[in-house]
Amino acid sequence: MRIPAAFLRPCLPLLAAGFVVFTANVAKAQTDSSQATLKPSFYLGTGMLGYYGDVGFEGKGHSPLVSRIGFELRASVPITNWLEASLFAIHGRVSANERSATRNLNFESRITTGGLQLTYTFNQLLNPHHTVEPWVSIGFETVEFLSKTDLFDAQGRRYNYWSDGTIRDLPENSPNAANAVEISRDYTYESDIRESNLDGFGKYGMQTWGVPVGVGMKFLLPKGFDARVGVTMHYLGSDMIDGVSAQSVGDRQGDARNDRFLFTAFSVGYAINMERPVKADKYKFKPTISPEQMDAVALNDDEDGDGVKDWNDNCPHTPMGVTVDANGCPLDSDGDCVPDYRDDEKASAPGAPVDARGVTIDDDGMLNAWLNWKDSANSTIISSRVESFGPIGKPKITYANMPAKRSYVIKVGAQTAGISEEMIQRILSLPDVRTIERGDTTYYIVGNYNGLPDALQRELMLKGQGFDGQVMVEQDGKLVDLPQDASTTAEQGNAAAVAGPDNIVIRVQLGAFRHIAQVRFK
């Protein structure tokens, strides 16, 4: 939608200059007030202009939605939380056409207005988190109009309205009326009403004042935007917008009421936050007690009652009755960092490790503590139960799962071990053979088992095929020798796995330990 340049040129300089002066005055008035935040808003809108006056049956049956289009510029600033002041400008056209047996009048007027408006927003009556604000407004404006009428068609023939309802190029009472040609209006308003001087008013002024009274709603949108919908009736101080008044002659005579027009508009605005930063010293914290009172509280208070004032107490909240030093900390005679009132051994050797009660920990105690920590950090909890019980057959043995990224493999050769060419060919004939580097040695390995019994079974199978296999551990891509205790346990498990049908293996877990104890009964 294009806004006419004729609207922007006269309005923008006046609107900008006036709003700068007005905003400065409002900001000055708000200096000592915390009721409103200085956020000037700028609006651009469009709407419909409807005319009410002496032409067109005094606006009877007029619909504001079937009118001429108009444009609006507005700049507003809050005075309080519930009152806004605005500078506005409106540009558009109004028109009316009246056709009857006795009167045939028409006009179009270009309207340009500018003024000041006060808007009440009901904000103090609404929920603080509201998004819709009703408003009412009243203001004062100056109005400039340029009115014209449609008297001639495109060929310059004057309209003559006949009693039969037709329009002809000759008057009905003309001697040559029989030769009159029927014509139609082109609705081009080409004739200045003042120049026609049909009522003898001459060159009257085409400026007046007005009082706009409006009502509407404002919708608060995110990020500083808002939208306004409203209807404003502009009561004018002139009755000459349509060129007809109570002083007009003949059929042209109108009533004594001044002309007016209605603007039904929708506009979108953006608010600019111009609030100045609050000075740090304006709301600086001010103590409620005097410096002398503060000193009395800080220097004389002893919260834990140990005889050392809180200001100098390095160990607050000391239990009542405990002897303290000059810094308010409990005494520690042997320097083991356990205060005397909790120390069960008040003469510990200097530097000796102590427990939470200040008692020296000997070597056996240190070892037990370390073993307990190690077992608790590496233990696997297994429910104690009979591994196999019931039908005759191979006993079922359950083993604890190995840690993640750890598996068992079988080493079948090493590059530096002097393997013969024939043995290398045999190793390479295994379907799952692969190599792992450890230092300068290349190991040939097969298999990848989560359980040790499966690896032992594969080792026995490879030995039956003539390979010198050895179970090892592959952990995080590295080859590690099988621990001795695990090898012993594995051999016991392998023996149990191949035990006869009369063998029953029972494993008992006593606590959470790293090593599994197995007992075989026959």
# chains A, B, ... in the order shown; residues from 1 in each chain; ligands from 1
>>> residues_around(residues="Phe467 of chain A", least_positions_apart="4", cutoff="12 Å", atoms="only C-alpha atoms", output="PyMOL selection string")
chain A and resi 410-413+419+422-430+444-446+458-463
>>> closest_residue(among="A:Ala177, A:Leu220, A:Val324, A:Ile193", to="His129 of chain A", atoms="only C-alpha atoms")
A:Leu220
>>> residues_around(residues="Thr442 of chain A", least_positions_apart="2", cutoff="8 Å", atoms="only C-alpha atoms", output="PyMOL selection string")
chain A and resi 414-416+435-438+440+444
>>> write_last_selection(atoms="N, CA and C atoms", output="mmCIF file, in the first residue's frame")
data_model
loop_
_atom_site.group_PDB
_atom_site.id
_atom_site.type_symbol
_atom_site.label_atom_id
_atom_site.label_comp_id
_atom_site.auth_asym_id
_atom_site.auth_seq_id
_atom_site.Cartn_x
_atom_site.Cartn_y
_atom_site.Cartn_z
ATOM 1 N N ALA A 414 54.702 -65.845 18.332
ATOM 2 C CA ALA A 414 55.259 -64.508 18.387
ATOM 3 C C ALA A 414 56.354 -64.395 17.353
ATOM 4 N N GLN A 415 56.506 -63.245 16.763
ATOM 5 C CA GLN A 415 57.438 -63.057 15.653
ATOM 6 C C GLN A 415 58.883 -63.225 16.095
ATOM 7 N N THR A 416 59.235 -62.874 17.359
ATOM 8 C CA THR A 416 60.619 -62.934 17.831
ATOM 9 C C THR A 416 60.930 -64.247 18.539
ATOM 10 N N THR A 435 47.005 -60.078 14.518
ATOM 11 C CA THR A 435 48.257 -59.730 15.191
ATOM 12 C C THR A 435 48.038 -58.531 16.101
ATOM 13 N N ILE A 436 48.845 -58.469 17.173
ATOM 14 C CA ILE A 436 48.860 -57.334 18.095
ATOM 15 C C ILE A 436 50.311 -57.022 18.415
ATOM 16 N N GLU A 437 50.672 -55.747 18.363
ATOM 17 C CA GLU A 437 52.029 -55.308 18.670
ATOM 18 C C GLU A 437 52.134 -55.010 20.156
ATOM 19 N N ARG A 438 53.176 -55.528 20.798
ATOM 20 C CA ARG A 438 53.492 -55.178 22.172
ATOM 21 C C ARG A 438 54.985 -54.995 22.275
ATOM 22 N N ASP A 440 58.452 -54.491 20.845
ATOM 23 C CA ASP A 440 59.064 -54.872 19.571
ATOM 24 C C ASP A 440 58.583 -56.226 19.083
ATOM 25 N N TYR A 444 50.746 -63.358 17.440
ATOM 26 C CA TYR A 444 49.650 -63.913 16.646
ATOM 27 C C TYR A 444 48.614 -64.443 17.635
#
>>> residues_around(residues="Asp310 of chain A", least_positions_apart="6", cutoff="12 Å", atoms="only C-alpha atoms", output="ChimeraX atom specification")
/A:295-304,316-318,326-329
>>> write_last_selection(atoms="N, CA, C and O atoms", output="short mmCIF file (atom, residue, chain, number, x, y, z; two decimals), in the first residue's frame")
data_model
loop_
_atom_site.label_atom_id
_atom_site.label_comp_id
_atom_site.auth_asym_id
_atom_site.auth_seq_id
_atom_site.Cartn_x
_atom_site.Cartn_y
_atom_site.Cartn_z
N ASP A 295 30.02 -1.14 64.92
CA ASP A 295 31.24 -1.57 65.61
C ASP A 295 30.89 -2.39 66.85
O ASP A 295 31.56 -3.39 67.16
N ALA A 296 29.85 -1.96 67.56
CA ALA A 296 29.47 -2.70 68.78
C ALA A 296 29.04 -4.11 68.44
O ALA A 296 29.37 -5.08 69.14
N VAL A 297 28.32 -4.27 67.32
CA VAL A 297 27.87 -5.61 66.91
C VAL A 297 29.04 -6.45 66.44
O VAL A 297 29.19 -7.63 66.80
N ALA A 298 29.93 -5.84 65.62
CA ALA A 298 31.02 -6.61 65.02
C ALA A 298 32.11 -6.95 66.03
O ALA A 298 32.70 -8.03 65.98
N LEU A 299 32.42 -6.02 66.96
CA LEU A 299 33.57 -6.19 67.84
C LEU A 299 33.23 -6.82 69.19
O LEU A 299 34.13 -7.30 69.88
N ASN A 300 31.98 -6.84 69.56
CA ASN A 300 31.62 -7.33 70.89
C ASN A 300 30.80 -8.61 70.86
O ASN A 300 30.53 -9.18 71.92
N ASP A 301 30.37 -9.06 69.69
CA ASP A 301 29.52 -10.25 69.63
C ASP A 301 30.39 -11.51 69.70
O ASP A 301 31.47 -11.57 69.11
N ASP A 302 29.93 -12.53 70.45
CA ASP A 302 30.64 -13.81 70.59
C ASP A 302 29.59 -14.91 70.46
O ASP A 302 29.00 -15.35 71.45
N GLU A 303 29.36 -15.34 69.25
CA GLU A 303 28.26 -16.25 68.96
C GLU A 303 28.41 -17.59 69.66
O GLU A 303 27.43 -18.14 70.18
N ASP A 304 29.64 -18.18 69.67
CA ASP A 304 29.82 -19.51 70.26
C ASP A 304 30.22 -19.46 71.74
O ASP A 304 30.43 -20.50 72.37
N PRO A 316 34.50 -20.43 64.14
CA PRO A 316 33.18 -20.17 64.72
C PRO A 316 32.45 -21.47 65.06
O PRO A 316 32.84 -22.55 64.61
N HIS A 317 31.41 -21.35 65.85
CA HIS A 317 30.54 -22.48 66.22
C HIS A 317 31.29 -23.54 67.04
O HIS A 317 31.00 -24.73 66.92
N THR A 318 32.26 -23.14 67.82
CA THR A 318 32.94 -24.10 68.71
C THR A 318 31.95 -24.59 69.78
O THR A 318 31.19 -23.80 70.33
N ALA A 326 44.01 -18.35 71.29
CA ALA A 326 43.72 -16.92 71.11
C ALA A 326 42.91 -16.64 69.85
O ALA A 326 42.27 -15.59 69.74
N ASN A 327 42.94 -17.55 68.88
CA ASN A 327 42.19 -17.38 67.64
C ASN A 327 40.81 -18.02 67.69
O ASN A 327 40.11 -18.06 66.68
N GLY A 328 40.44 -18.56 68.84
CA GLY A 328 39.12 -19.16 68.98
C GLY A 328 39.03 -20.58 68.47
O GLY A 328 37.92 -21.11 68.33
N CYS A 329 40.18 -21.26 68.20
CA CYS A 329 40.17 -22.63 67.69
C CYS A 329 40.45 -23.61 68.85
O CYS A 329 41.27 -23.32 69.74
#
>>> residues_around(residues="segment 152-163 of chain A", least_positions_apart="4", cutoff="8 Å", atoms="only C-alpha atoms", output="ChimeraX atom specification")
/A:101,104,167-172,183-186,188,190
>>> write_last_selection(atoms="C-alpha atoms", output="PDB file, in the first residue's frame")
ATOM      1  CA  ALA A 101     -35.949  14.669  -7.727  1.00  0.00           C
ATOM      2  CA  ASN A 104     -28.431  16.701  -7.193  1.00  0.00           C
ATOM      3  CA  ILE A 167     -28.561  13.233 -17.213  1.00  0.00           C
ATOM      4  CA  ARG A 168     -28.387  15.171 -20.478  1.00  0.00           C
ATOM      5  CA  ASP A 169     -26.152  17.759 -22.092  1.00  0.00           C
ATOM      6  CA  LEU A 170     -28.930  20.377 -22.249  1.00  0.00           C
ATOM      7  CA  PRO A 171     -31.304  21.685 -19.596  1.00  0.00           C
ATOM      8  CA  GLU A 172     -34.766  20.171 -19.566  1.00  0.00           C
ATOM      9  CA  ILE A 183     -24.781  11.401 -20.897  1.00  0.00           C
ATOM     10  CA  SER A 184     -23.338   9.734 -17.771  1.00  0.00           C
ATOM     11  CA  ARG A 185     -21.227  10.986 -14.913  1.00  0.00           C
ATOM     12  CA  ASP A 186     -17.517  10.157 -14.999  1.00  0.00           C
ATOM     13  CA  THR A 188     -14.055  12.993 -11.894  1.00  0.00           C
ATOM     14  CA  GLU A 190     -12.698  18.612 -11.660  1.00  0.00           C
TER      15      GLU A 190
END
>>> closest_residue(among="A:Thr119, A:Ser420, A:Thr441, A:Ser407", to="Val77 of chain A", atoms="only C-alpha atoms")
A:Thr119
>>> atom_distance(atom1="atom CA of Val211 of chain A", atom2="atom CA of Glu141 of chain A")
6.2 Å
>>> decode(residues="segment 194-238 of chain A", atoms="N, CA and C atoms", output="mmCIF file, in the first residue's frame")
data_model
loop_
_atom_site.group_PDB
_atom_site.id
_atom_site.type_symbol
_atom_site.label_atom_id
_atom_site.label_comp_id
_atom_site.auth_asym_id
_atom_site.auth_seq_id
_atom_site.Cartn_x
_atom_site.Cartn_y
_atom_site.Cartn_z
ATOM 1 N N ARG A 194 -15.441 26.551 -4.735
ATOM 2 C CA ARG A 194 -15.413 27.994 -4.474
ATOM 3 C C ARG A 194 -15.522 28.799 -5.773
ATOM 4 N N GLU A 195 -14.859 28.312 -6.823
ATOM 5 C CA GLU A 195 -14.897 29.032 -8.098
ATOM 6 C C GLU A 195 -16.285 28.993 -8.724
ATOM 7 N N SER A 196 -17.023 27.911 -8.459
ATOM 8 C CA SER A 196 -18.399 27.867 -8.986
ATOM 9 C C SER A 196 -19.265 28.949 -8.343
ATOM 10 N N ASN A 197 -19.039 29.240 -7.064
ATOM 11 C CA ASN A 197 -19.711 30.310 -6.325
ATOM 12 C C ASN A 197 -21.227 30.244 -6.504
ATOM 13 N N LEU A 198 -21.765 29.052 -6.351
ATOM 14 C CA LEU A 198 -23.194 28.858 -6.566
ATOM 15 C C LEU A 198 -24.028 29.528 -5.481
ATOM 16 N N ASP A 199 -23.420 29.740 -4.299
ATOM 17 C CA ASP A 199 -24.170 30.347 -3.193
ATOM 18 C C ASP A 199 -23.684 31.751 -2.858
ATOM 19 N N GLY A 200 -22.730 32.270 -3.633
ATOM 20 C CA GLY A 200 -22.241 33.617 -3.404
ATOM 21 C C GLY A 200 -21.302 33.735 -2.213
ATOM 22 N N PHE A 201 -20.624 32.614 -1.822
ATOM 23 C CA PHE A 201 -19.716 32.678 -0.674
ATOM 24 C C PHE A 201 -18.336 33.215 -1.045
ATOM 25 N N GLY A 202 -18.004 33.217 -2.316
ATOM 26 C CA GLY A 202 -16.708 33.695 -2.748
ATOM 27 C C GLY A 202 -15.575 32.744 -2.350
ATOM 28 N N LYS A 203 -14.369 33.291 -2.221
ATOM 29 C CA LYS A 203 -13.179 32.492 -1.893
ATOM 30 C C LYS A 203 -13.050 32.355 -0.372
ATOM 31 N N TYR A 204 -13.865 31.490 0.225
ATOM 32 C CA TYR A 204 -13.803 31.289 1.663
ATOM 33 C C TYR A 204 -12.572 30.445 2.035
ATOM 34 N N GLY A 205 -12.139 30.535 3.292
ATOM 35 C CA GLY A 205 -10.976 29.795 3.746
ATOM 36 C C GLY A 205 -11.225 28.291 3.791
ATOM 37 N N MET A 206 -10.167 27.552 3.550
ATOM 38 C CA MET A 206 -10.271 26.086 3.514
ATOM 39 C C MET A 206 -9.421 25.460 4.619
ATOM 40 N N GLN A 207 -9.369 26.165 5.728
ATOM 41 C CA GLN A 207 -8.733 25.635 6.935
ATOM 42 C C GLN A 207 -9.717 25.804 8.093
ATOM 43 N N THR A 208 -9.644 24.860 9.016
ATOM 44 C CA THR A 208 -10.498 24.923 10.198
ATOM 45 C C THR A 208 -9.852 24.127 11.314
ATOM 46 N N TRP A 209 -10.510 24.062 12.448
ATOM 47 C CA TRP A 209 -10.023 23.266 13.579
ATOM 48 C C TRP A 209 -11.010 22.134 13.827
ATOM 49 N N GLY A 210 -10.589 21.166 14.619
ATOM 50 C CA GLY A 210 -11.454 20.035 14.912
ATOM 51 C C GLY A 210 -11.152 19.452 16.286
ATOM 52 N N VAL A 211 -12.103 18.680 16.774
ATOM 53 C CA VAL A 211 -11.957 17.974 18.051
ATOM 54 C C VAL A 211 -12.177 16.484 17.778
ATOM 55 N N PRO A 212 -11.092 15.676 17.764
ATOM 56 C CA PRO A 212 -11.254 14.227 17.548
ATOM 57 C C PRO A 212 -11.571 13.519 18.860
ATOM 58 N N VAL A 213 -12.603 12.690 18.857
ATOM 59 C CA VAL A 213 -12.999 11.874 20.017
ATOM 60 C C VAL A 213 -13.026 10.422 19.559
ATOM 61 N N GLY A 214 -12.238 9.570 20.243
ATOM 62 C CA GLY A 214 -12.112 8.199 19.759
ATOM 63 C C GLY A 214 -12.208 7.158 20.846
ATOM 64 N N VAL A 215 -12.345 5.915 20.416
ATOM 65 C CA VAL A 215 -12.386 4.754 21.295
ATOM 66 C C VAL A 215 -11.798 3.585 20.522
ATOM 67 N N GLY A 216 -11.128 2.656 21.252
ATOM 68 C CA GLY A 216 -10.528 1.522 20.558
ATOM 69 C C GLY A 216 -9.803 0.592 21.511
ATOM 70 N N MET A 217 -8.981 -0.266 20.929
ATOM 71 C CA MET A 217 -8.225 -1.266 21.687
ATOM 72 C C MET A 217 -6.777 -1.241 21.211
ATOM 73 N N LYS A 218 -5.880 -1.492 22.169
ATOM 74 C CA LYS A 218 -4.457 -1.643 21.830
ATOM 75 C C LYS A 218 -4.017 -3.046 22.229
ATOM 76 N N PHE A 219 -3.339 -3.747 21.318
ATOM 77 C CA PHE A 219 -2.873 -5.109 21.539
ATOM 78 C C PHE A 219 -1.358 -5.074 21.698
ATOM 79 N N LEU A 220 -0.865 -5.521 22.854
ATOM 80 C CA LEU A 220 0.571 -5.509 23.133
ATOM 81 C C LEU A 220 1.214 -6.730 22.508
ATOM 82 N N LEU A 221 2.189 -6.505 21.647
ATOM 83 C CA LEU A 221 2.887 -7.567 20.924
ATOM 84 C C LEU A 221 4.309 -7.696 21.467
ATOM 85 N N PRO A 222 5.002 -8.823 21.160
ATOM 86 C CA PRO A 222 6.375 -9.002 21.666
ATOM 87 C C PRO A 222 7.350 -7.997 21.069
ATOM 88 N N LYS A 223 8.476 -7.835 21.774
ATOM 89 C CA LYS A 223 9.636 -7.073 21.312
ATOM 90 C C LYS A 223 9.314 -5.611 21.022
ATOM 91 N N GLY A 224 8.450 -4.996 21.835
ATOM 92 C CA GLY A 224 8.207 -3.576 21.723
ATOM 93 C C GLY A 224 7.143 -3.167 20.721
ATOM 94 N N PHE A 225 6.533 -4.105 20.012
ATOM 95 C CA PHE A 225 5.515 -3.778 19.026
ATOM 96 C C PHE A 225 4.133 -3.796 19.673
ATOM 97 N N ASP A 226 3.223 -3.038 19.094
ATOM 98 C CA ASP A 226 1.818 -3.128 19.477
ATOM 99 C C ASP A 226 0.963 -2.707 18.294
ATOM 100 N N ALA A 227 -0.322 -3.046 18.349
ATOM 101 C CA ALA A 227 -1.266 -2.738 17.273
ATOM 102 C C ALA A 227 -2.468 -2.026 17.875
ATOM 103 N N ARG A 228 -3.005 -1.056 17.125
ATOM 104 C CA ARG A 228 -4.154 -0.278 17.573
ATOM 105 C C ARG A 228 -5.296 -0.419 16.574
ATOM 106 N N VAL A 229 -6.484 -0.596 17.098
ATOM 107 C CA VAL A 229 -7.703 -0.585 16.300
ATOM 108 C C VAL A 229 -8.636 0.414 16.961
ATOM 109 N N GLY A 230 -9.157 1.374 16.182
ATOM 110 C CA GLY A 230 -9.995 2.388 16.799
ATOM 111 C C GLY A 230 -10.894 3.114 15.817
ATOM 112 N N VAL A 231 -11.859 3.792 16.382
ATOM 113 C CA VAL A 231 -12.791 4.617 15.622
ATOM 114 C C VAL A 231 -12.774 6.006 16.239
ATOM 115 N N THR A 232 -12.541 7.027 15.401
ATOM 116 C CA THR A 232 -12.453 8.405 15.891
ATOM 117 C C THR A 232 -13.369 9.293 15.059
ATOM 118 N N MET A 233 -14.248 10.010 15.747
ATOM 119 C CA MET A 233 -15.095 10.998 15.079
ATOM 120 C C MET A 233 -14.433 12.360 15.209
ATOM 121 N N HIS A 234 -14.255 13.026 14.064
ATOM 122 C CA HIS A 234 -13.614 14.336 14.031
ATOM 123 C C HIS A 234 -14.700 15.393 13.861
ATOM 124 N N TYR A 235 -14.964 16.131 14.941
ATOM 125 C CA TYR A 235 -15.949 17.216 14.917
ATOM 126 C C TYR A 235 -15.231 18.490 14.470
ATOM 127 N N LEU A 236 -15.667 19.037 13.320
ATOM 128 C CA LEU A 236 -14.962 20.150 12.698
ATOM 129 C C LEU A 236 -15.612 21.478 13.061
ATOM 130 N N GLY A 237 -14.824 22.537 12.950
ATOM 131 C CA GLY A 237 -15.319 23.883 13.230
ATOM 132 C C GLY A 237 -15.839 24.580 11.997
ATOM 133 N N SER A 238 -16.032 23.868 10.893
ATOM 134 C CA SER A 238 -16.507 24.477 9.654
ATOM 135 C C SER A 238 -17.635 23.639 9.070
#
